[in-house]
Structures are given as C-alpha cells and as structure tokens.
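Listing of my_file_36.txt; format and content: compact mmCIF, N, CA, C and O atoms.
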```txt
# COMPACT_ATOMS: atom_id res chain seq x y z
N MET B 1 73.30 118.11 80.43
CA MET B 1 74.17 117.45 81.40
C MET B 1 73.45 116.23 81.95
O MET B 1 72.31 116.28 82.36
N SER B 2 74.13 115.11 81.95
CA SER B 2 73.52 113.90 82.47
C SER B 2 73.84 113.73 83.95
O SER B 2 74.82 114.27 84.46
N ASP B 3 72.97 113.00 84.63
CA ASP B 3 73.22 112.70 86.04
C ASP B 3 74.29 111.62 86.14
O ASP B 3 74.36 110.73 85.30
N HIS B 4 75.09 111.71 87.18
CA HIS B 4 76.15 110.72 87.39
C HIS B 4 75.95 110.03 88.73
O HIS B 4 75.44 110.63 89.67
N VAL B 5 76.37 108.80 88.79
CA VAL B 5 76.42 108.07 90.05
C VAL B 5 77.88 107.71 90.28
O VAL B 5 78.56 107.22 89.37
N TYR B 6 78.36 107.99 91.49
CA TYR B 6 79.75 107.74 91.81
C TYR B 6 79.87 106.66 92.87
O TYR B 6 78.98 106.47 93.69
N LYS B 7 80.97 105.96 92.82
CA LYS B 7 81.33 105.01 93.87
C LYS B 7 82.68 105.46 94.38
O LYS B 7 83.48 106.05 93.63
N SER B 8 82.97 105.21 95.65
CA SER B 8 84.29 105.58 96.18
C SER B 8 84.93 104.40 96.87
O SER B 8 84.25 103.52 97.39
N VAL B 9 86.25 104.38 96.83
CA VAL B 9 87.06 103.37 97.52
C VAL B 9 88.12 104.09 98.32
O VAL B 9 88.50 105.22 97.99
N GLU B 10 88.61 103.44 99.35
CA GLU B 10 89.68 104.02 100.15
C GLU B 10 90.98 103.30 99.83
O GLU B 10 91.02 102.07 99.78
N LEU B 11 92.03 104.08 99.63
CA LEU B 11 93.35 103.56 99.28
C LEU B 11 94.39 104.19 100.20
O LEU B 11 94.19 105.29 100.71
N THR B 12 95.52 103.52 100.36
CA THR B 12 96.66 104.10 101.07
C THR B 12 97.89 103.93 100.21
O THR B 12 98.24 102.81 99.82
N GLY B 13 98.53 105.06 99.89
CA GLY B 13 99.77 105.04 99.13
C GLY B 13 100.93 105.41 100.03
O GLY B 13 100.75 106.06 101.06
N SER B 14 102.12 105.00 99.62
CA SER B 14 103.31 105.36 100.41
C SER B 14 104.42 105.84 99.49
O SER B 14 104.44 105.55 98.30
N SER B 15 105.34 106.59 100.10
CA SER B 15 106.47 107.13 99.36
C SER B 15 107.58 107.47 100.33
O SER B 15 107.31 107.91 101.45
N GLU B 16 108.80 107.29 99.90
CA GLU B 16 109.95 107.73 100.69
C GLU B 16 110.21 109.21 100.50
O GLU B 16 110.95 109.81 101.26
N THR B 17 109.58 109.83 99.48
CA THR B 17 109.90 111.19 99.07
C THR B 17 108.95 112.25 99.60
O THR B 17 109.39 113.25 100.17
N SER B 18 107.62 112.06 99.38
CA SER B 18 106.70 113.14 99.70
C SER B 18 105.26 112.64 99.83
O SER B 18 104.92 111.54 99.38
N ILE B 19 104.43 113.50 100.40
CA ILE B 19 102.99 113.23 100.49
C ILE B 19 102.39 113.16 99.10
O ILE B 19 101.59 112.27 98.79
N GLU B 20 102.77 114.10 98.23
CA GLU B 20 102.22 114.14 96.88
C GLU B 20 102.55 112.86 96.11
O GLU B 20 101.71 112.32 95.39
N GLU B 21 103.77 112.36 96.26
CA GLU B 21 104.15 111.13 95.58
C GLU B 21 103.39 109.93 96.14
O GLU B 21 103.04 109.01 95.39
N ALA B 22 103.12 109.93 97.44
CA ALA B 22 102.33 108.85 98.04
C ALA B 22 100.93 108.81 97.42
O ALA B 22 100.41 107.73 97.09
N VAL B 23 100.31 109.99 97.25
CA VAL B 23 98.99 110.07 96.61
C VAL B 23 99.09 109.57 95.18
O VAL B 23 98.28 108.76 94.72
N GLN B 24 100.08 110.05 94.45
CA GLN B 24 100.23 109.66 93.04
C GLN B 24 100.47 108.17 92.90
O GLN B 24 99.95 107.53 91.97
N ASN B 25 101.26 107.58 93.80
CA ASN B 25 101.50 106.14 93.75
C ASN B 25 100.19 105.37 93.91
O ASN B 25 99.96 104.37 93.21
N ALA B 26 99.34 105.80 94.83
CA ALA B 26 98.05 105.14 95.03
C ALA B 26 97.18 105.28 93.78
O ALA B 26 96.56 104.31 93.33
N LEU B 27 97.13 106.48 93.19
CA LEU B 27 96.30 106.71 92.01
C LEU B 27 96.82 105.94 90.80
O LEU B 27 96.03 105.38 90.02
N THR B 28 98.12 105.89 90.64
CA THR B 28 98.71 105.16 89.51
C THR B 28 98.37 103.68 89.58
O THR B 28 97.97 103.07 88.58
N LYS B 29 98.52 103.10 90.75
CA LYS B 29 98.20 101.68 90.91
C LYS B 29 96.70 101.43 90.72
O LYS B 29 96.30 100.48 90.05
N ALA B 30 95.86 102.28 91.30
CA ALA B 30 94.41 102.12 91.18
C ALA B 30 93.95 102.24 89.74
O ALA B 30 93.01 101.55 89.32
N SER B 31 94.60 103.09 88.95
CA SER B 31 94.19 103.29 87.56
C SER B 31 94.37 102.04 86.70
O SER B 31 93.81 101.96 85.62
N GLN B 32 95.12 101.07 87.20
CA GLN B 32 95.30 99.81 86.47
C GLN B 32 94.04 98.95 86.52
O GLN B 32 93.85 98.08 85.67
N SER B 33 93.16 99.19 87.51
CA SER B 33 91.96 98.37 87.62
C SER B 33 90.67 99.18 87.78
O SER B 33 89.59 98.61 87.67
N ILE B 34 90.75 100.47 88.04
CA ILE B 34 89.56 101.31 88.21
C ILE B 34 89.50 102.31 87.07
O ILE B 34 90.46 103.06 86.85
N GLU B 35 88.37 102.33 86.36
CA GLU B 35 88.18 103.28 85.27
C GLU B 35 87.37 104.47 85.75
O GLU B 35 86.67 104.40 86.76
N ASN B 36 87.46 105.56 85.03
CA ASN B 36 86.64 106.75 85.24
C ASN B 36 86.86 107.43 86.60
O ASN B 36 85.92 107.98 87.18
N MET B 37 88.09 107.39 87.12
CA MET B 37 88.36 108.09 88.37
C MET B 37 88.17 109.58 88.15
O MET B 37 88.63 110.14 87.15
N GLN B 38 87.48 110.25 89.09
CA GLN B 38 87.14 111.66 88.92
C GLN B 38 87.71 112.57 90.00
O GLN B 38 87.99 113.73 89.73
N TRP B 39 87.84 112.09 91.23
CA TRP B 39 88.28 112.96 92.33
C TRP B 39 88.93 112.12 93.42
O TRP B 39 88.79 110.90 93.46
N PHE B 40 89.67 112.81 94.28
CA PHE B 40 90.20 112.16 95.50
C PHE B 40 90.12 113.13 96.65
O PHE B 40 90.09 114.34 96.47
N GLN B 41 90.09 112.56 97.85
CA GLN B 41 90.05 113.34 99.08
C GLN B 41 91.03 112.70 100.06
O GLN B 41 90.95 111.50 100.33
N VAL B 42 91.96 113.49 100.57
CA VAL B 42 92.91 112.98 101.57
C VAL B 42 92.17 112.82 102.90
O VAL B 42 91.55 113.77 103.38
N THR B 43 92.21 111.62 103.46
CA THR B 43 91.52 111.37 104.72
C THR B 43 92.47 111.21 105.90
O THR B 43 92.06 111.41 107.04
N GLU B 44 93.71 110.86 105.61
CA GLU B 44 94.67 110.68 106.71
C GLU B 44 96.09 110.76 106.16
O GLU B 44 96.37 110.30 105.06
N THR B 45 96.97 111.38 106.93
CA THR B 45 98.38 111.46 106.58
C THR B 45 99.19 110.99 107.79
O THR B 45 98.94 111.41 108.91
N ARG B 46 100.12 110.10 107.54
CA ARG B 46 100.97 109.61 108.62
C ARG B 46 102.32 109.21 108.01
O ARG B 46 102.50 109.24 106.81
N GLY B 47 103.24 108.83 108.86
CA GLY B 47 104.56 108.46 108.36
C GLY B 47 105.26 107.47 109.26
O GLY B 47 104.84 107.20 110.38
N ASN B 48 106.35 106.98 108.73
CA ASN B 48 107.21 106.04 109.44
C ASN B 48 108.53 106.75 109.74
O ASN B 48 109.10 107.39 108.86
N ILE B 49 108.98 106.64 110.98
CA ILE B 49 110.20 107.32 111.40
C ILE B 49 111.31 106.29 111.60
O ILE B 49 111.10 105.28 112.27
N GLU B 50 112.47 106.57 111.05
CA GLU B 50 113.66 105.75 111.27
C GLU B 50 114.83 106.68 111.57
O GLU B 50 115.08 107.62 110.83
N ASN B 51 115.51 106.42 112.67
CA ASN B 51 116.67 107.22 113.07
C ASN B 51 116.36 108.71 113.14
O ASN B 51 117.16 109.55 112.75
N GLY B 52 115.16 109.04 113.63
CA GLY B 52 114.79 110.44 113.83
C GLY B 52 114.37 111.19 112.59
O GLY B 52 114.16 112.41 112.67
N THR B 53 114.26 110.53 111.44
CA THR B 53 113.82 111.21 110.22
C THR B 53 112.68 110.43 109.57
O THR B 53 112.48 109.24 109.84
N VAL B 54 111.98 111.09 108.67
CA VAL B 54 110.87 110.45 107.96
C VAL B 54 111.43 109.43 106.99
O VAL B 54 112.24 109.76 106.11
N ALA B 55 111.02 108.19 107.15
CA ALA B 55 111.45 107.13 106.24
C ALA B 55 110.43 106.90 105.13
O ALA B 55 110.79 106.64 103.98
N HIS B 56 109.15 106.98 105.46
CA HIS B 56 108.07 106.81 104.49
C HIS B 56 106.89 107.71 104.86
O HIS B 56 106.57 107.83 106.04
N TRP B 57 106.27 108.30 103.86
CA TRP B 57 104.99 108.97 104.02
C TRP B 57 103.91 107.97 103.65
O TRP B 57 104.07 107.20 102.71
N GLN B 58 102.81 107.96 104.40
CA GLN B 58 101.66 107.12 104.11
C GLN B 58 100.44 108.03 104.08
O GLN B 58 100.18 108.76 105.05
N VAL B 59 99.70 108.01 102.97
CA VAL B 59 98.55 108.87 102.80
C VAL B 59 97.34 108.03 102.42
O VAL B 59 97.39 107.29 101.43
N SER B 60 96.27 108.13 103.21
CA SER B 60 95.02 107.45 102.87
C SER B 60 94.13 108.44 102.13
O SER B 60 94.02 109.60 102.52
N ILE B 61 93.52 107.96 101.06
CA ILE B 61 92.64 108.80 100.25
C ILE B 61 91.37 108.05 99.90
O ILE B 61 91.35 106.82 99.88
N LYS B 62 90.30 108.80 99.69
CA LYS B 62 89.09 108.27 99.08
C LYS B 62 89.14 108.67 97.63
O LYS B 62 89.44 109.83 97.31
N VAL B 63 88.86 107.73 96.74
CA VAL B 63 88.86 108.00 95.31
C VAL B 63 87.45 107.76 94.79
O VAL B 63 86.87 106.69 95.03
N GLY B 64 86.91 108.74 94.10
CA GLY B 64 85.58 108.61 93.51
C GLY B 64 85.68 108.34 92.02
O GLY B 64 86.52 108.93 91.33
N PHE B 65 84.83 107.45 91.53
CA PHE B 65 84.81 107.17 90.10
C PHE B 65 83.37 107.02 89.64
O PHE B 65 82.48 106.67 90.41
N THR B 66 83.15 107.32 88.37
CA THR B 66 81.83 107.29 87.78
C THR B 66 81.44 105.86 87.43
O THR B 66 82.23 105.13 86.83
N LEU B 67 80.24 105.46 87.81
CA LEU B 67 79.72 104.17 87.39
C LEU B 67 79.07 104.31 86.03
O LEU B 67 78.42 105.32 85.75
N GLU B 68 79.28 103.33 85.18
CA GLU B 68 78.68 103.39 83.84
C GLU B 68 77.33 102.72 83.83
O GLU B 68 77.00 101.90 84.61
```
As structure tokens, how would this structure be written, given the file I've shared?
Amino acid sequence: MSDHVYKSVELTGSSETSIEEAVQNALTKASQSIENMQWFQVTETRGNIENGTVAHWQVSIKVGFTLE
C-alpha cells in the first residue's frame, strides 16, 4: 500500500429537490475539473424558504482528492 497525500476544497451545491441532490450537483460539477476525488464531508446544511416551504436546499461539503 502506498502513502497518499490528499487536498480538500469546500463546495456548496443547491437543489430544489433534496439534500442528496444538492451534494450530487456539487460533486458532478467539481468532477469536471477535479480528478481523483475520494471522499466528502457535509459541513453545513441550509435552505431557502419561499411562501412557507423549502424552495432550495443548500449543502456545503468538503471534498478530498488524491494528489498525484
């Protein structure tokens, strides 16, 4: 097993549907420019309210990726 060095970035994704979709939206977009993503950690969950209901979920995550 080789030693790994990781770097992490913080992202915020949003979704009108769910927390899970907000996370996936952030990961999908990040995968266009970040290679070797290995893990994520939810750091904050919040939302936008319109007319008494949830209009958008916003989820901040830390994403770790392996440096080559």
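When only N, CA, C and O atoms are used to compute distances to B:His4, the closest of the residues B:Ser33, B:Thr45, B:Leu67, B:Ala22 turns out to be B:Leu67.
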So that I can see what lies close to B:Ser8, please list as a ChimeraX atom specification the residues with an atom at most 7 Å from it, counting all atoms listed in the file and leaving out residues fewer than 4 positions away in the same chain.
/B:62-65
Would you list the contacts of stretch 47-60 of chain B as number ranges by chain, taking every protein, DNA or RNA residue within 4.5 Å and counting only N, CA, C and O atoms, but skipping same-chain residues closer than 3 positions in sequence?
B: 11-16, 41-44
How many Å lie between atom CA of B:Glu20 and atom CA of B:Glu68, rounded to one decimal?
29.0 Å
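For the atom pair formed by atom N of B:Lys7 and atom N of B:Asn25, the distance is 20.4 Å, given to one decimal.
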Enumerate as a ChimeraX atom specification all residues of stretch 2-57 of chain B assigned to strand (DSSP E or B) by DSSP on the backbone, naming them with the chain letters and numbers the document uses.
/B:6-15,37-50,53-57
Using the selection just defined, write its residues with N, CA, C and O atoms as a compact mmCIF listing (two decimals), in the frame of the given file.
```txt
# COMPACT_ATOMS: atom_id res chain seq x y z
N TYR B 6 78.36 107.99 91.49
CA TYR B 6 79.75 107.74 91.81
C TYR B 6 79.87 106.66 92.87
O TYR B 6 78.98 106.47 93.69
N LYS B 7 80.97 105.96 92.82
CA LYS B 7 81.33 105.01 93.87
C LYS B 7 82.68 105.46 94.38
O LYS B 7 83.48 106.05 93.63
N SER B 8 82.97 105.21 95.65
CA SER B 8 84.29 105.58 96.18
C SER B 8 84.93 104.40 96.87
O SER B 8 84.25 103.52 97.39
N VAL B 9 86.25 104.38 96.83
CA VAL B 9 87.06 103.37 97.52
C VAL B 9 88.12 104.09 98.32
O VAL B 9 88.50 105.22 97.99
N GLU B 10 88.61 103.44 99.35
CA GLU B 10 89.68 104.02 100.15
C GLU B 10 90.98 103.30 99.83
O GLU B 10 91.02 102.07 99.78
N LEU B 11 92.03 104.08 99.63
CA LEU B 11 93.35 103.56 99.28
C LEU B 11 94.39 104.19 100.20
O LEU B 11 94.19 105.29 100.71
N THR B 12 95.52 103.52 100.36
CA THR B 12 96.66 104.10 101.07
C THR B 12 97.89 103.93 100.21
O THR B 12 98.24 102.81 99.82
N GLY B 13 98.53 105.06 99.89
CA GLY B 13 99.77 105.04 99.13
C GLY B 13 100.93 105.41 100.03
O GLY B 13 100.75 106.06 101.06
N SER B 14 102.12 105.00 99.62
CA SER B 14 103.31 105.36 100.41
C SER B 14 104.42 105.84 99.49
O SER B 14 104.44 105.55 98.30
N SER B 15 105.34 106.59 100.10
CA SER B 15 106.47 107.13 99.36
C SER B 15 107.58 107.47 100.33
O SER B 15 107.31 107.91 101.45
N MET B 37 88.09 107.39 87.12
CA MET B 37 88.36 108.09 88.37
C MET B 37 88.17 109.58 88.15
O MET B 37 88.63 110.14 87.15
N GLN B 38 87.48 110.25 89.09
CA GLN B 38 87.14 111.66 88.92
C GLN B 38 87.71 112.57 90.00
O GLN B 38 87.99 113.73 89.73
N TRP B 39 87.84 112.09 91.23
CA TRP B 39 88.28 112.96 92.33
C TRP B 39 88.93 112.12 93.42
O TRP B 39 88.79 110.90 93.46
N PHE B 40 89.67 112.81 94.28
CA PHE B 40 90.20 112.16 95.50
C PHE B 40 90.12 113.13 96.65
O PHE B 40 90.09 114.34 96.47
N GLN B 41 90.09 112.56 97.85
CA GLN B 41 90.05 113.34 99.08
C GLN B 41 91.03 112.70 100.06
O GLN B 41 90.95 111.50 100.33
N VAL B 42 91.96 113.49 100.57
CA VAL B 42 92.91 112.98 101.57
C VAL B 42 92.17 112.82 102.90
O VAL B 42 91.55 113.77 103.38
N THR B 43 92.21 111.62 103.46
CA THR B 43 91.52 111.37 104.72
C THR B 43 92.47 111.21 105.90
O THR B 43 92.06 111.41 107.04
N GLU B 44 93.71 110.86 105.61
CA GLU B 44 94.67 110.68 106.71
C GLU B 44 96.09 110.76 106.16
O GLU B 44 96.37 110.30 105.06
N THR B 45 96.97 111.38 106.93
CA THR B 45 98.38 111.46 106.58
C THR B 45 99.19 110.99 107.79
O THR B 45 98.94 111.41 108.91
N ARG B 46 100.12 110.10 107.54
CA ARG B 46 100.97 109.61 108.62
C ARG B 46 102.32 109.21 108.01
O ARG B 46 102.50 109.24 106.81
N GLY B 47 103.24 108.83 108.86
CA GLY B 47 104.56 108.46 108.36
C GLY B 47 105.26 107.47 109.26
O GLY B 47 104.84 107.20 110.38
N ASN B 48 106.35 106.98 108.73
CA ASN B 48 107.21 106.04 109.44
C ASN B 48 108.53 106.75 109.74
O ASN B 48 109.10 107.39 108.86
N ILE B 49 108.98 106.64 110.98
CA ILE B 49 110.20 107.32 111.40
C ILE B 49 111.31 106.29 111.60
O ILE B 49 111.10 105.28 112.27
N GLU B 50 112.47 106.57 111.05
CA GLU B 50 113.66 105.75 111.27
C GLU B 50 114.83 106.68 111.57
O GLU B 50 115.08 107.62 110.83
N THR B 53 114.26 110.53 111.44
CA THR B 53 113.82 111.21 110.22
C THR B 53 112.68 110.43 109.57
O THR B 53 112.48 109.24 109.84
N VAL B 54 111.98 111.09 108.67
CA VAL B 54 110.87 110.45 107.96
C VAL B 54 111.43 109.43 106.99
O VAL B 54 112.24 109.76 106.11
N ALA B 55 111.02 108.19 107.15
CA ALA B 55 111.45 107.13 106.24
C ALA B 55 110.43 106.90 105.13
O ALA B 55 110.79 106.64 103.98
N HIS B 56 109.15 106.98 105.46
CA HIS B 56 108.07 106.81 104.49
C HIS B 56 106.89 107.71 104.86
O HIS B 56 106.57 107.83 106.04
N TRP B 57 106.27 108.30 103.86
CA TRP B 57 104.99 108.97 104.02
C TRP B 57 103.91 107.97 103.65
O TRP B 57 104.07 107.20 102.71
```
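Across the model, the gap from atom C of B:Asp3 to atom C of B:Lys29 is 25.0 Å.
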DSSP on the backbone: which residues in chain B end up as helix (DSSP H, G or I)? Give the answer as a compact mmCIF listing (two decimals) with N, CA, C and O atoms, in the frame of the given file.
```
# COMPACT_ATOMS: atom_id res chain seq x y z
N ILE B 19 104.43 113.50 100.40
CA ILE B 19 102.99 113.23 100.49
C ILE B 19 102.39 113.16 99.10
O ILE B 19 101.59 112.27 98.79
N GLU B 20 102.77 114.10 98.23
CA GLU B 20 102.22 114.14 96.88
C GLU B 20 102.55 112.86 96.11
O GLU B 20 101.71 112.32 95.39
N GLU B 21 103.77 112.36 96.26
CA GLU B 21 104.15 111.13 95.58
C GLU B 21 103.39 109.93 96.14
O GLU B 21 103.04 109.01 95.39
N ALA B 22 103.12 109.93 97.44
CA ALA B 22 102.33 108.85 98.04
C ALA B 22 100.93 108.81 97.42
O ALA B 22 100.41 107.73 97.09
N VAL B 23 100.31 109.99 97.25
CA VAL B 23 98.99 110.07 96.61
C VAL B 23 99.09 109.57 95.18
O VAL B 23 98.28 108.76 94.72
N GLN B 24 100.08 110.05 94.45
CA GLN B 24 100.23 109.66 93.04
C GLN B 24 100.47 108.17 92.90
O GLN B 24 99.95 107.53 91.97
N ASN B 25 101.26 107.58 93.80
CA ASN B 25 101.50 106.14 93.75
C ASN B 25 100.19 105.37 93.91
O ASN B 25 99.96 104.37 93.21
N ALA B 26 99.34 105.80 94.83
CA ALA B 26 98.05 105.14 95.03
C ALA B 26 97.18 105.28 93.78
O ALA B 26 96.56 104.31 93.33
N LEU B 27 97.13 106.48 93.19
CA LEU B 27 96.30 106.71 92.01
C LEU B 27 96.82 105.94 90.80
O LEU B 27 96.03 105.38 90.02
N THR B 28 98.12 105.89 90.64
CA THR B 28 98.71 105.16 89.51
C THR B 28 98.37 103.68 89.58
O THR B 28 97.97 103.07 88.58
N LYS B 29 98.52 103.10 90.75
CA LYS B 29 98.20 101.68 90.91
C LYS B 29 96.70 101.43 90.72
O LYS B 29 96.30 100.48 90.05
N ALA B 30 95.86 102.28 91.30
CA ALA B 30 94.41 102.12 91.18
C ALA B 30 93.95 102.24 89.74
O ALA B 30 93.01 101.55 89.32
```
Return the padded bounding box of stretch 39-44 of chain B as AutoDock Vina command-line options: axis-aligned, built from all atoms listed in the file, 5 Å added on each side, with centre and edge lengths in Å to one decimal.
```
--center_x 92.1 --center_y 112.3 --center_z 99.1 --size_x 18.5 --size_y 14.0 --size_z 25.8
```
Taking all atoms listed in the file into account, name the residue in B:Ile19, B:Ala30, B:Thr66, B:Gln24 that is nearest to B:Arg46.
B:Ile19
